[in-house]
Amino acid sequence: MSETTIAASISNSQSLFTHFNHIDPPIGRDGTPNEFYEALRDEMVEANRPVGWSEAHGGFWMVAGYPETLEVMHNTDAFSNDAVTFPRYETTEPLMLAGQDDPAHKRARLLVNEPFSPGRVMDFTRILRESVNALIDGFIQHGRADVAKIIGDPVPAILTALILGLPAEHGPRFFKWTWAMSHEFFTDPDSAAPKLKEMYAYFEEVIEERRRNPGADVLSRVVQAKIDGDYLNHEELIGFCTVLLLGGIDNTSKLISTSLWRLAWDIELRHRLTRDRKIIPLAVDEFLRYYSPASVGRLVKEDVSVAGVPMKRGQYVMLMAPIANRDPRVFPYPDTFIADRSPNKHLGLGAAIHRCLGAHVLRVESRIVLEEFLTRIPEFELDRTRTPKWTAGQLGGMGSVPIVFKPGERLSQGPPNDGVRTWLEHAMAYA
Ligand code: HEM
């Protein structure tokens, strides 16, 4: 939908909710769906309509207001996570954690809380900094790069591999599978299917291997764990691998790439973060609010009403974090990016029992990327010969961010480790 059409729909007093498709939102003048989200938010405020009905994908309720989104996230009696992806994945393996309800969810979550705690995440900071710098070494002498492909995509794949105890050089494969799960599955399911099959086969081998030779990584922990005296069955183990891969990689890639895109043209913000590193952690949360990568779905378990809107058992609901995070009832100047916004109770990482397991991981990861990137390449801008590209889907964000800058020097003269080298080869294929 063009900008004029967005404005025209409002003036014709048609509801923007009616044909909203969260998988493919209209892209506005700034290259993101934010303009459309703001128009929806305006409709919500003017018509006092925090919940609307969309005809897309067979019909679903769209919750756009902040208090209403929070209410649904907390009301786990009436709303199930069985449809956390909407349209739903029709797979035999359950999507563990994110796709489960209590009490099964609680038991599964207790198995993995500890490895994602702040203390454990900090164990990875040194290797993370080294990896970011090795990736930068791969392109700094060229004076141009697609930083979505060469920083945003690799860093979360490398870190997720380390946390899960998988070879970092398999990162491009992990990325391909998460892409198949969170994008291709919705747009081209035939092309996604063989990739998902490949992923299941890979994890079957990993699980067997962990049974034989358990280590200190998260997957070994899950393979050896018992719930109510029983080991997890095969489908549950595969479901665990899938959710940790999906959660760890795609969202974070989108957040990092979108942040670098913004810093490429928002010179004032870039200089501020370069000058005052202390605000980078707050800025990471403002990126999460302003460009929330994830919207999540729910299935109505029992008839319920939200903001006076009756919802029937069996209906689907989408919780639109990017719109709720612009609710003026909660956020002063909601359409302004305020780097050191505080408090910032955005819903970009969810809330209540399903609040993001990787919250500490992605915050540390994004902070380190920004710190290292701004140190090595403090001045850069968008490459005007190429176009940055927003990647839509239930997880949205910049998928291509071509930049130019004054070439710099490598830090290390030695060869990169295998994980970084594979990514450099892979990313150069896009250059
Ligand atoms: C920018 C990055 C990220 C964003 C925006 C994000 C967003 C979210 C959101 C909104 C939820 C709530 C789902 C719901 O309410 O149904 C969630 C849950 C989850 N996230 Fe993240 N996430 C990110 C990074 C990560 C990372 C790095 C991991 C690492 C493993 C991860 C793993 C998970 C898991 C396993 C869940 C399900 C938790 C549960 O249901 O108990 N996420 N995430």
# chains A, B, ... in the order shown; residues from 1 in each chain; ligands from 1
>>> closest_atom_pairs(of="chain A", to="ligand 1", cutoff="8 Å", atoms="only C-alpha atoms and all ligand atoms", output="tab-separated table")
residue	atom	partner	partner_atom_place_in_ligand_line	distance
A:Met73	CA	ligand 1	15 (O)	6.4
A:Asn81	CA	ligand 1	16 (O)	6.0
A:Val84	CA	ligand 1	16 (O)	5.4
A:Met96	CA	ligand 1	40 (O)	7.6
A:Leu97	CA	ligand 1	40 (O)	4.0
A:Ala98	CA	ligand 1	40 (O)	3.4
A:Gly99	CA	ligand 1	40 (O)	6.6
A:Gln100	CA	ligand 1	40 (O)	6.9
A:His105	CA	ligand 1	41 (O)	6.7
A:Lys106	CA	ligand 1	41 (O)	7.6
A:Arg109	CA	ligand 1	41 (O)	5.8
A:Phe116	CA	ligand 1	30 (C)	7.5
A:Pro156	CA	ligand 1	27 (C)	7.2
A:Thr160	CA	ligand 1	30 (C)	7.0
A:Val243	CA	ligand 1	35 (C)	5.6
A:Leu244	CA	ligand 1	30 (C)	4.5
A:Leu245	CA	ligand 1	30 (C)	6.7
A:Leu246	CA	ligand 1	32 (C)	7.4
A:Gly247	CA	ligand 1	31 (C)	3.7
A:Gly248	CA	ligand 1	27 (C)	3.6
A:Ile249	CA	ligand 1	27 (C)	6.3
A:Asp250	CA	ligand 1	2 (C)	7.5
A:Asn251	CA	ligand 1	2 (C)	4.2
A:Thr252	CA	ligand 1	2 (C)	3.7
A:Ser253	CA	ligand 1	1 (C)	7.2
A:Lys254	CA	ligand 1	1 (C)	6.9
A:Leu255	CA	ligand 1	1 (C)	5.0
A:Ile256	CA	ligand 1	1 (C)	7.6
A:Leu288	CA	ligand 1	5 (C)	6.6
A:Ser292	CA	ligand 1	5 (C)	6.0
A:Pro293	CA	ligand 1	5 (C)	5.1
A:Ala294	CA	ligand 1	5 (C)	5.2
A:Ser295	CA	ligand 1	10 (C)	6.3
A:Val296	CA	ligand 1	16 (O)	5.5
A:Gly297	CA	ligand 1	16 (O)	6.8
A:Arg298	CA	ligand 1	16 (O)	7.6
A:Ala321	CA	ligand 1	10 (C)	7.7
A:Leu347	CA	ligand 1	10 (C)	6.9
A:Gly348	CA	ligand 1	10 (C)	5.2
A:Leu349	CA	ligand 1	10 (C)	3.8
A:Gly350	CA	ligand 1	10 (C)	4.0
A:Ala351	CA	ligand 1	15 (O)	6.3
A:Ala352	CA	ligand 1	15 (O)	7.6
A:Ile353	CA	ligand 1	41 (O)	5.9
A:His354	CA	ligand 1	40 (O)	3.7
A:Arg355	CA	ligand 1	12 (C)	4.9
A:Cys356	CA	ligand 1	18 (C)	3.4
A:Leu357	CA	ligand 1	33 (C)	4.4
A:Gly358	CA	ligand 1	28 (C)	3.5
A:Ala359	CA	ligand 1	25 (C)	6.0
A:His360	CA	ligand 1	27 (C)	7.7
A:Val361	CA	ligand 1	27 (C)	5.1
A:Leu362	CA	ligand 1	27 (C)	4.7
A:Arg363	CA	ligand 1	1 (C)	7.8
>>> write_last_selection(atoms="C-alpha atoms", output="short mmCIF file (atom, residue, chain, number, x, y, z; two decimals), in the first residue's frame")
data_model
loop_
_atom_site.label_atom_id
_atom_site.label_comp_id
_atom_site.auth_asym_id
_atom_site.auth_seq_id
_atom_site.Cartn_x
_atom_site.Cartn_y
_atom_site.Cartn_z
CA MET A 73 -0.26 -12.07 27.57
CA ASN A 81 0.29 -20.25 22.84
CA VAL A 84 2.18 -18.40 18.75
CA MET A 96 8.64 -26.22 22.88
CA LEU A 97 8.31 -23.26 25.31
CA ALA A 98 6.99 -20.63 22.91
CA GLY A 99 4.26 -22.97 21.64
CA GLN A 100 3.35 -24.58 24.98
CA HIS A 105 5.54 -24.93 29.54
CA LYS A 106 6.66 -24.32 33.10
CA ARG A 109 11.24 -23.61 30.96
CA PHE A 116 20.27 -18.07 29.78
CA PRO A 156 23.47 -14.28 16.44
CA THR A 160 23.59 -19.39 19.29
CA VAL A 243 12.81 -23.08 19.27
CA LEU A 244 16.29 -22.29 20.56
CA LEU A 245 17.59 -21.90 17.03
CA LEU A 246 14.63 -19.83 15.87
CA GLY A 247 14.53 -17.68 19.02
CA GLY A 248 18.28 -17.15 19.11
CA ILE A 249 18.91 -16.19 15.52
CA ASP A 250 16.29 -14.51 13.41
CA ASN A 251 14.87 -11.91 15.81
CA THR A 252 18.30 -10.78 16.91
CA SER A 253 19.60 -10.55 13.34
CA LYS A 254 16.70 -8.28 12.51
CA LEU A 255 17.28 -6.10 15.56
CA ILE A 256 21.01 -5.68 14.91
CA LEU A 288 13.44 -2.97 20.53
CA SER A 292 10.06 -4.50 17.47
CA PRO A 293 10.95 -7.50 15.32
CA ALA A 294 8.40 -9.93 16.79
CA SER A 295 4.62 -10.07 16.92
CA VAL A 296 3.11 -13.14 18.52
CA GLY A 297 -0.11 -15.08 18.09
CA ARG A 298 -2.58 -16.72 20.45
CA ALA A 321 3.99 -5.31 19.73
CA LEU A 347 6.54 -5.36 24.79
CA GLY A 348 9.22 -6.23 22.24
CA LEU A 349 10.28 -9.23 24.34
CA GLY A 350 6.79 -10.21 25.44
CA ALA A 351 5.62 -10.39 29.06
CA ALA A 352 4.37 -12.84 31.68
CA ILE A 353 5.25 -16.55 31.49
CA HIS A 354 6.46 -16.48 27.89
CA ARG A 355 8.71 -13.46 28.32
CA CYS A 356 11.73 -13.94 26.08
CA LEU A 357 14.15 -16.58 27.37
CA GLY A 358 17.00 -14.91 25.48
CA ALA A 359 16.43 -11.38 26.86
CA HIS A 360 19.92 -11.18 28.40
CA VAL A 361 21.56 -12.81 25.39
CA LEU A 362 20.21 -10.37 22.84
CA ARG A 363 20.87 -7.32 25.01
#
>>> residues_around(residues="region 56-72 of chain A", least_positions_apart="5", cutoff="6 Å", atoms="only C-alpha atoms", output="ChimeraX atom specification")
/A:19,21,50-51,316-320,323-324,327
>>> write_last_selection(atoms="C-alpha atoms", output="short mmCIF file (atom, residue, chain, number, x, y, z; two decimals), in the first residue's frame")
data_model
loop_
_atom_site.label_atom_id
_atom_site.label_comp_id
_atom_site.auth_asym_id
_atom_site.auth_seq_id
_atom_site.Cartn_x
_atom_site.Cartn_y
_atom_site.Cartn_z
CA HIS A 19 -7.18 -6.09 5.57
CA ASN A 21 -1.71 -8.82 7.02
CA PRO A 50 -7.55 -1.09 20.62
CA VAL A 51 -8.80 -4.38 19.16
CA TYR A 316 -6.95 -16.50 16.43
CA VAL A 317 -5.39 -13.37 17.89
CA MET A 318 -2.27 -11.43 16.90
CA LEU A 319 -0.55 -9.31 19.55
CA MET A 320 1.00 -6.44 17.64
CA ILE A 323 1.78 -0.93 17.55
CA ALA A 324 1.35 -1.45 21.29
CA ASP A 327 0.53 3.55 22.54
#
>>> closest_residue(among="A:Thr91, A:Thr242, A:Ser182, A:Ser342", to="Tyr202 (chain A)", atoms="only C-alpha atoms")
A:Thr242
>>> closest_residue(among="A:Ile227, A:Leu166, A:Met398, A:Ile151", to="Phe139 (chain A)", atoms="only C-alpha atoms")
A:Ile151
>>> select_by_dssp(residues="region 112-158 of chain A", states="helix (DSSP H, G or I)", output="ChimeraX atom specification")
/A:112,114-116,118-122,125-137,147-152,154-158
>>> closest_residue(among="A:Val304, A:Met311, A:Val364, A:Ile403", to="Leu263 (chain A)", atoms="only C-alpha atoms")
A:Ile403
>>> closest_residue(among="A:His426, A:Lys149, A:Arg326, A:His234", to="Tyr37 (chain A)", atoms="only C-alpha atoms")
A:Arg326
>>> residues_around(residues="Thr387 (chain A)", least_positions_apart="5", cutoff="9 Å", atoms="only C-alpha atoms", output="tab-separated table (two decimals) with C-alpha atoms, in the first residue's frame")
chain	number	residue	atom	x	y	z
A	382	LEU	CA	23.91	4.13	3.37
A	400	SER	CA	19.86	-5.85	3.67
A	401	VAL	CA	21.80	-2.77	4.80
A	402	PRO	CA	24.44	-1.73	2.24
>>> atom_distance(atom1="CA of Asp285 (chain A)", atom2="CA of Gly31 (chain A)")
20.8 Å
>>> decode(residues="region 350-365 of chain A", atoms="N, CA and C atoms", output="PDB file, in the first residue's frame")
ATOM      1  N   GLY A 350       7.921  -9.543  24.824  1.00  0.00           N
ATOM      2  CA  GLY A 350       6.791 -10.208  25.441  1.00  0.00           C
ATOM      3  C   GLY A 350       6.676  -9.863  26.917  1.00  0.00           C
ATOM      4  N   ALA A 351       5.839 -10.623  27.625  1.00  0.00           N
ATOM      5  CA  ALA A 351       5.623 -10.395  29.059  1.00  0.00           C
ATOM      6  C   ALA A 351       5.057 -11.680  29.635  1.00  0.00           C
ATOM      7  N   ALA A 352       4.972 -11.706  30.948  1.00  0.00           N
ATOM      8  CA  ALA A 352       4.367 -12.837  31.677  1.00  0.00           C
ATOM      9  C   ALA A 352       5.158 -14.138  31.456  1.00  0.00           C
ATOM     10  N   ILE A 353       4.496 -15.278  31.435  1.00  0.00           N
ATOM     11  CA  ILE A 353       5.247 -16.547  31.495  1.00  0.00           C
ATOM     12  C   ILE A 353       6.087 -16.812  30.242  1.00  0.00           C
ATOM     13  N   HIS A 354       5.704 -16.223  29.124  1.00  0.00           N
ATOM     14  CA  HIS A 354       6.460 -16.481  27.893  1.00  0.00           C
ATOM     15  C   HIS A 354       7.495 -15.397  27.601  1.00  0.00           C
ATOM     16  N   ARG A 355       7.735 -14.514  28.570  1.00  0.00           N
ATOM     17  CA  ARG A 355       8.715 -13.459  28.321  1.00  0.00           C
ATOM     18  C   ARG A 355      10.011 -14.085  27.793  1.00  0.00           C
ATOM     19  N   CYS A 356      10.614 -13.382  26.851  1.00  0.00           N
ATOM     20  CA  CYS A 356      11.734 -13.942  26.083  1.00  0.00           C
ATOM     21  C   CYS A 356      12.811 -14.597  26.955  1.00  0.00           C
ATOM     22  N   LEU A 357      13.095 -15.843  26.669  1.00  0.00           N
ATOM     23  CA  LEU A 357      14.146 -16.580  27.373  1.00  0.00           C
ATOM     24  C   LEU A 357      15.519 -15.972  27.089  1.00  0.00           C
ATOM     25  N   GLY A 358      15.686 -15.410  25.892  1.00  0.00           N
ATOM     26  CA  GLY A 358      17.001 -14.914  25.481  1.00  0.00           C
ATOM     27  C   GLY A 358      17.198 -13.423  25.742  1.00  0.00           C
ATOM     28  N   ALA A 359      16.377 -12.837  26.649  1.00  0.00           N
ATOM     29  CA  ALA A 359      16.431 -11.380  26.858  1.00  0.00           C
ATOM     30  C   ALA A 359      17.853 -10.891  27.189  1.00  0.00           C
ATOM     31  N   HIS A 360      18.562 -11.629  28.048  1.00  0.00           N
ATOM     32  CA  HIS A 360      19.918 -11.183  28.403  1.00  0.00           C
ATOM     33  C   HIS A 360      20.863 -11.393  27.227  1.00  0.00           C
ATOM     34  N   VAL A 361      20.663 -12.499  26.524  1.00  0.00           N
ATOM     35  CA  VAL A 361      21.555 -12.806  25.393  1.00  0.00           C
ATOM     36  C   VAL A 361      21.498 -11.677  24.363  1.00  0.00           C
ATOM     37  N   LEU A 362      20.303 -11.334  23.948  1.00  0.00           N
ATOM     38  CA  LEU A 362      20.214 -10.371  22.842  1.00  0.00           C
ATOM     39  C   LEU A 362      20.644  -8.978  23.279  1.00  0.00           C
ATOM     40  N   ARG A 363      20.449  -8.659  24.559  1.00  0.00           N
ATOM     41  CA  ARG A 363      20.866  -7.324  25.008  1.00  0.00           C
ATOM     42  C   ARG A 363      22.393  -7.227  25.000  1.00  0.00           C
ATOM     43  N   VAL A 364      23.049  -8.261  25.545  1.00  0.00           N
ATOM     44  CA  VAL A 364      24.519  -8.260  25.570  1.00  0.00           C
ATOM     45  C   VAL A 364      25.057  -8.261  24.130  1.00  0.00           C
ATOM     46  N   GLU A 365      24.449  -9.094  23.330  1.00  0.00           N
ATOM     47  CA  GLU A 365      24.895  -9.255  21.941  1.00  0.00           C
ATOM     48  C   GLU A 365      24.779  -7.930  21.171  1.00  0.00           C
TER      49      GLU A 365
END
